[in-house]
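J.: To start, I am sharing the structure in question, which I have written as structure tokens.
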Protein chains: 2
Amino acid sequence: MITLFELAGADPERRFSPYCWRIRMALCHKGLQFDSVAWRFTEKEKISFAGSDKVPVLKDGAFAVHDSPVIAAYLEETYPDRPSLFGGTTAQAVARFVMDWNEMVMNPSLFRILALDIGAHVAPEDKDYYTRSREARIGMKLEEFCADRDSRIDAFRSLLAPLRRTLANQPFLSGEDPAWADYVIFGSFQWARCVSPAKLLEADDPVYLWREKMLDLFDGEARKAVGYPV
Amino acid sequence: MITLFELAGADPERRFSPYCWRIRMALCHKGLQFDSVAWRFTEKEKISFAGSDKVPVLKDGAFAVHDSPVIAAYLEETYPDRPSLFGGTTAQAVARFVMDWNEMVMNPSLFRILALDIGAHVAPEDKDYYTRSREARIGMKLEEFCADRDSRIDAFRSLLAPLRRTLANQPFLSGEDPAWADYVIFGSFQWARCVSPAKLLEADDPVYLWREKMLDLFDGEARKAVGYPV
């Protein structure tokens with residue numbers, strides 16, 4: 001019995017963590033059944049059994065694991081007979097760079113677009129925590145941080161240049177078929193989709209076309225998510 | 001009989017193309033013997049047999065191939081019994097993103113540091129061609145483009161943040177051992193090393209430590225190159 005603890009908003013079906021989306025897609029990729037538990041920022045004790053204060057947390061029988069790349073590696077090792085999530089150890093290693101680029105370049109740029117929208121969707125009991133912790137991190141008010149959204153969207157699109165060229169050359173980051181590197185990047189787009197009406201991509205962008213394919217995977221798993229169909 | 005055509009400077013042993021370095025390292029990785037031919041920017045007719053006006057060009061018997069990722073794929077397919085250059089098709093695909101990031105983010109930043117140094121080292125017959133073609137591309141004088149080198153170096157170091165985190169986590173981009181993704185990034189450092197005294201990295205930078213390991217590979221192949229030991 002696998003259970004995935006996922007960040008949820010005021011609507012418990014609004015699952016908006018980019019890192020949880022990586023794992024939801026990875027579980028689908030492996031064809032593994034799982035239960036999902038909605039978790040809020042302030043429910044630290046609910047996941048303390050895993051030695052973590054953040055999601056995603058995955059419970060597999062008596063075993064608990066947290067941190068998305070660690071969970072992914074756990075799934076690959078534990079279910080080797082299922083479709084490979086990484087496509088080999090070298091691909092797993094190279095995907096680490098994709099992940100570091102995602103977290104250090106793409107997500108900070110996206111957060112300047114999404115920070116207020118996220119605040120609008122967190123659970124009532126999380127609102128103070130979210131606002132205080134994020135404003136402490138960024139050193140300003142969320143309203144100020146998210147001002148001038150149009151220029152932030154332009155900046156975000158520019159940052160995607162290398163991703164855009166890769167996806168103009170091949171169907172998925174992982175080649176002919178999607179794998180971990182795709183789920184890593186896609187998680188961030190799903191983060192946006194679940195909380196924000198911002199139009200991040202133009203319809204003729206190779207990244208948009210790839211995102212459409214990702215939304216279609218696994219019977220439209222990600223497309224069905226509560227969010228904004230932009 | 002394999003022959004690699006490589007960009008060379010006034011000193012024919014100064015081989016400073018990042019894309020040629022990718023292939024030199026790839027040939028070493030495969031353990032393939034090869035002859036090297038020094039080529040200058042203006043010797044277009046010398047490589048026209050390959051249908052290209054740029055190096056690297058690789059001639060393998062009667063077969064000619066150009067463009068570094070195409071050459072790499074050719075070597076992998078033609079010499080499958082040698083150590084794998086990519087570590088599988090998924091790793092090859094994911095490395096495409098590393099390459100696109102290298103060419104669209106890292107190299108343009110590096111070129112603002114190196115452009116004048118390159119000009120100082122090109123062959124006499126290439127000087128006009130180099131200066132004219134680059135100034136047309138950048139829309140200004142090389143001297144102006146390369147002004148304020150210290151701030152350019154700071155900007156370059158900042159851009160390396162995701163690479164730095166990856167290399168703080170694992171010995172090589174490709175995991176425990178180097179492969180194509182490493183050669184792609186390393187080619188750019190070798191570009192710099194062969195023409196410029198600029199100190200790009202601090203000695204405690206994980207990228208510096210990785211570069212040292214790359215310089216040691218294949219009996220110090222890259223360390224022996226004519227250039228600046230910085």
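Letters for chains follow the order of the structure tokens (A, B, ...), residue numbers begin at 1 for each chain, and ligand numbers begin at 1 in the order shown.
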Using DSSP on the backbone, list every residue of chain A that comes out as alpha helix (DSSP H), and give them as a PyMOL selection string.
T.: chain A and resi 18-30+68-78+89-101+107-121+127-138+142-145+149-159+161-169+180-195+206-220
J.: What residues in chain B lie within 12 Å of chain A, counting only C-alpha atoms, written as a PyMOL selection string?
T.: chain B and resi 84-106+158-182+185
J.: Please give the complete set of residues from range 25-177 of chain A that DSSP, run on the backbone, assigns to strand (DSSP E or B), formatted as an MDAnalysis selection string.
T.: chainID A and resid 35:39 57:60 63:66 172 175
J.: Using the selection just defined, write its residues with N, CA, C and O atoms as a short mmCIF file (atom, residue, chain, number, x, y, z; two decimals), in the first residue's frame.
T.:
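Okay, this is what ended up in again_38.cif:
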```cif
data_model
loop_
_atom_site.label_atom_id
_atom_site.label_comp_id
_atom_site.auth_asym_id
_atom_site.auth_seq_id
_atom_site.Cartn_x
_atom_site.Cartn_y
_atom_site.Cartn_z
N ASP A 35 -2.63 5.78 -2.73
CA ASP A 35 -3.60 6.67 -2.10
C ASP A 35 -2.93 8.01 -1.93
O ASP A 35 -1.71 8.10 -1.75
N SER A 36 -3.73 9.05 -1.94
CA SER A 36 -3.18 10.38 -1.76
C SER A 36 -3.81 11.01 -0.53
O SER A 36 -5.00 10.87 -0.29
N VAL A 37 -2.98 11.68 0.25
CA VAL A 37 -3.45 12.37 1.44
C VAL A 37 -3.17 13.86 1.28
O VAL A 37 -2.03 14.25 1.01
N ALA A 38 -4.21 14.67 1.42
CA ALA A 38 -4.03 16.12 1.36
C ALA A 38 -3.31 16.58 2.62
O ALA A 38 -3.67 16.20 3.73
N TRP A 39 -2.31 17.42 2.44
CA TRP A 39 -1.51 17.91 3.57
C TRP A 39 -1.40 19.42 3.46
O TRP A 39 -1.28 19.97 2.37
N VAL A 57 5.97 13.28 0.82
CA VAL A 57 6.36 12.15 1.65
C VAL A 57 5.66 10.93 1.06
O VAL A 57 4.47 11.02 0.73
N LEU A 58 6.39 9.87 0.93
CA LEU A 58 5.79 8.64 0.41
C LEU A 58 5.92 7.55 1.46
O LEU A 58 7.00 7.35 2.04
N LYS A 59 4.80 6.89 1.71
CA LYS A 59 4.77 5.77 2.65
C LYS A 59 4.49 4.53 1.82
O LYS A 59 3.51 4.50 1.06
N ASP A 60 5.37 3.56 1.93
CA ASP A 60 5.18 2.32 1.18
C ASP A 60 5.23 1.19 2.19
O ASP A 60 6.31 0.78 2.64
N PHE A 63 7.54 1.52 5.25
CA PHE A 63 8.70 2.33 4.90
C PHE A 63 8.27 3.74 4.51
O PHE A 63 7.29 3.93 3.78
N ALA A 64 9.00 4.74 5.00
CA ALA A 64 8.67 6.12 4.66
C ALA A 64 9.88 6.78 4.02
O ALA A 64 11.03 6.55 4.43
N VAL A 65 9.63 7.60 3.01
CA VAL A 65 10.74 8.27 2.33
C VAL A 65 10.27 9.67 1.92
O VAL A 65 9.08 9.90 1.65
N HIS A 66 11.18 10.64 1.95
CA HIS A 66 10.82 12.01 1.57
C HIS A 66 11.89 12.60 0.68
O HIS A 66 12.96 11.99 0.51
N PHE A 172 10.48 14.71 -26.10
CA PHE A 172 10.54 14.90 -24.64
C PHE A 172 11.98 15.19 -24.23
O PHE A 172 12.91 14.87 -24.96
N GLY A 175 13.81 12.12 -24.47
CA GLY A 175 13.90 11.49 -25.78
C GLY A 175 12.55 11.22 -26.41
O GLY A 175 11.67 12.09 -26.44
#
```
J.: Within 10 Å of range 211-224 of chain A, counting only C-alpha atoms, which residues qualify if same-chain residues fewer than 2 places away don't, as a list of chain:residue names?
T.: A:Trp21, A:Arg24, A:Met25, A:Cys28, A:His29, A:Gly31, A:Pro171, A:Phe172, A:Pro178, A:Asp182, A:Tyr183, A:Ile185, A:Phe186, A:Gly187, A:Phe189, A:Gln190, A:Arg193, A:Cys194, A:Leu201, A:Ala203, A:Asp205, A:Pro206, A:Val207, A:Tyr208, A:Leu209, A:Val226, A:Gly227, A:Tyr228, A:Pro229
J.: Please produce a file of those selected residues containing N, CA and C atoms, as a JSON list (two decimals), in the first residue's frame.
T.:
```
[["chain", "number", "residue", "atom", "x", "y", "z"],
["A", 21, "TRP", "N", 4.08, 16.95, -7.61],
["A", 21, "TRP", "CA", 3.69, 16.56, -8.97],
["A", 21, "TRP", "C", 4.73, 15.67, -9.62],
["A", 24, "ARG", "N", 3.83, 12.28, -8.23],
["A", 24, "ARG", "CA", 2.56, 11.76, -8.77],
["A", 24, "ARG", "C", 2.79, 11.21, -10.18],
["A", 25, "MET", "N", 3.51, 11.97, -11.01],
["A", 25, "MET", "CA", 3.79, 11.53, -12.37],
["A", 25, "MET", "C", 4.70, 10.29, -12.37],
["A", 28, "CYS", "N", 2.63, 7.26, -11.60],
["A", 28, "CYS", "CA", 1.87, 6.89, -12.80],
["A", 28, "CYS", "C", 2.78, 6.21, -13.82],
["A", 29, "HIS", "N", 3.99, 6.75, -14.00],
["A", 29, "HIS", "CA", 4.96, 6.19, -14.94],
["A", 29, "HIS", "C", 5.25, 4.72, -14.59],
["A", 31, "GLY", "N", 3.25, 2.86, -13.07],
["A", 31, "GLY", "CA", 2.01, 2.10, -13.04],
["A", 31, "GLY", "C", 1.65, 1.60, -11.65],
["A", 171, "PRO", "N", 10.91, 14.98, -28.92],
["A", 171, "PRO", "CA", 9.56, 15.02, -28.32],
["A", 171, "PRO", "C", 9.55, 15.31, -26.82],
["A", 172, "PHE", "N", 10.48, 14.71, -26.10],
["A", 172, "PHE", "CA", 10.54, 14.90, -24.64],
["A", 172, "PHE", "C", 11.98, 15.19, -24.23],
["A", 178, "PRO", "N", 8.57, 10.20, -22.31],
["A", 178, "PRO", "CA", 8.85, 10.99, -21.10],
["A", 178, "PRO", "C", 9.45, 10.13, -19.99],
["A", 182, "ASP", "N", 11.53, 14.94, -17.53],
["A", 182, "ASP", "CA", 10.29, 15.61, -17.95],
["A", 182, "ASP", "C", 9.38, 15.89, -16.75],
["A", 183, "TYR", "N", 9.29, 14.93, -15.84],
["A", 183, "TYR", "CA", 8.41, 15.14, -14.69],
["A", 183, "TYR", "C", 8.93, 16.26, -13.79],
["A", 185, "ILE", "N", 10.58, 19.03, -14.73],
["A", 185, "ILE", "CA", 10.22, 20.33, -15.31],
["A", 185, "ILE", "C", 8.70, 20.52, -15.32],
["A", 186, "PHE", "N", 7.99, 19.46, -15.64],
["A", 186, "PHE", "CA", 6.54, 19.57, -15.73],
["A", 186, "PHE", "C", 5.91, 19.92, -14.38],
["A", 187, "GLY", "N", 6.50, 19.43, -13.30],
["A", 187, "GLY", "CA", 5.97, 19.75, -11.97],
["A", 187, "GLY", "C", 5.80, 21.24, -11.77],
["A", 189, "PHE", "N", 5.30, 23.55, -14.11],
["A", 189, "PHE", "CA", 4.16, 24.06, -14.89],
["A", 189, "PHE", "C", 2.84, 23.68, -14.22],
["A", 190, "GLN", "N", 2.83, 22.54, -13.58],
["A", 190, "GLN", "CA", 1.62, 22.11, -12.90],
["A", 190, "GLN", "C", 1.39, 22.94, -11.62],
["A", 193, "ARG", "N", -0.26, 25.90, -13.04],
["A", 193, "ARG", "CA", -1.60, 25.60, -13.54],
["A", 193, "ARG", "C", -2.62, 25.44, -12.42],
["A", 194, "CYS", "N", -2.17, 24.91, -11.29],
["A", 194, "CYS", "CA", -3.10, 24.63, -10.20],
["A", 194, "CYS", "C", -3.49, 25.86, -9.38],
["A", 201, "LEU", "N", 2.79, 30.58, -21.39],
["A", 201, "LEU", "CA", 3.38, 30.19, -22.67],
["A", 201, "LEU", "C", 2.45, 30.53, -23.82],
["A", 203, "ALA", "N", 0.92, 29.62, -27.55],
["A", 203, "ALA", "CA", 0.52, 28.31, -28.08],
["A", 203, "ALA", "C", 1.47, 27.77, -29.14],
["A", 205, "ASP", "N", 4.73, 27.90, -28.85],
["A", 205, "ASP", "CA", 6.01, 27.62, -28.17],
["A", 205, "ASP", "C", 6.21, 26.10, -28.08],
["A", 206, "PRO", "N", 7.38, 25.60, -28.49],
["A", 206, "PRO", "CA", 7.64, 24.15, -28.35],
["A", 206, "PRO", "C", 7.43, 23.66, -26.90],
["A", 207, "VAL", "N", 7.65, 24.56, -25.95],
["A", 207, "VAL", "CA", 7.44, 24.16, -24.55],
["A", 207, "VAL", "C", 5.94, 23.96, -24.28],
["A", 208, "TYR", "N", 5.11, 24.80, -24.90],
["A", 208, "TYR", "CA", 3.66, 24.65, -24.78],
["A", 208, "TYR", "C", 3.22, 23.30, -25.36],
["A", 209, "LEU", "N", 3.75, 22.98, -26.53],
["A", 209, "LEU", "CA", 3.35, 21.74, -27.21],
["A", 209, "LEU", "C", 3.77, 20.52, -26.40],
["A", 226, "VAL", "N", -7.42, 20.01, -10.32],
["A", 226, "VAL", "CA", -8.11, 21.27, -10.03],
["A", 226, "VAL", "C", -7.15, 22.42, -10.29],
["A", 227, "GLY", "N", -7.55, 23.34, -11.14],
["A", 227, "GLY", "CA", -6.65, 24.45, -11.45],
["A", 227, "GLY", "C", -7.22, 25.33, -12.56],
["A", 228, "TYR", "N", -6.32, 25.95, -13.31],
["A", 228, "TYR", "CA", -6.71, 26.88, -14.36],
["A", 228, "TYR", "C", -6.24, 26.33, -15.71],
["A", 229, "PRO", "N", -7.17, 26.05, -16.60],
["A", 229, "PRO", "CA", -6.77, 25.46, -17.88],
["A", 229, "PRO", "C", -6.20, 26.49, -18.85]]
```
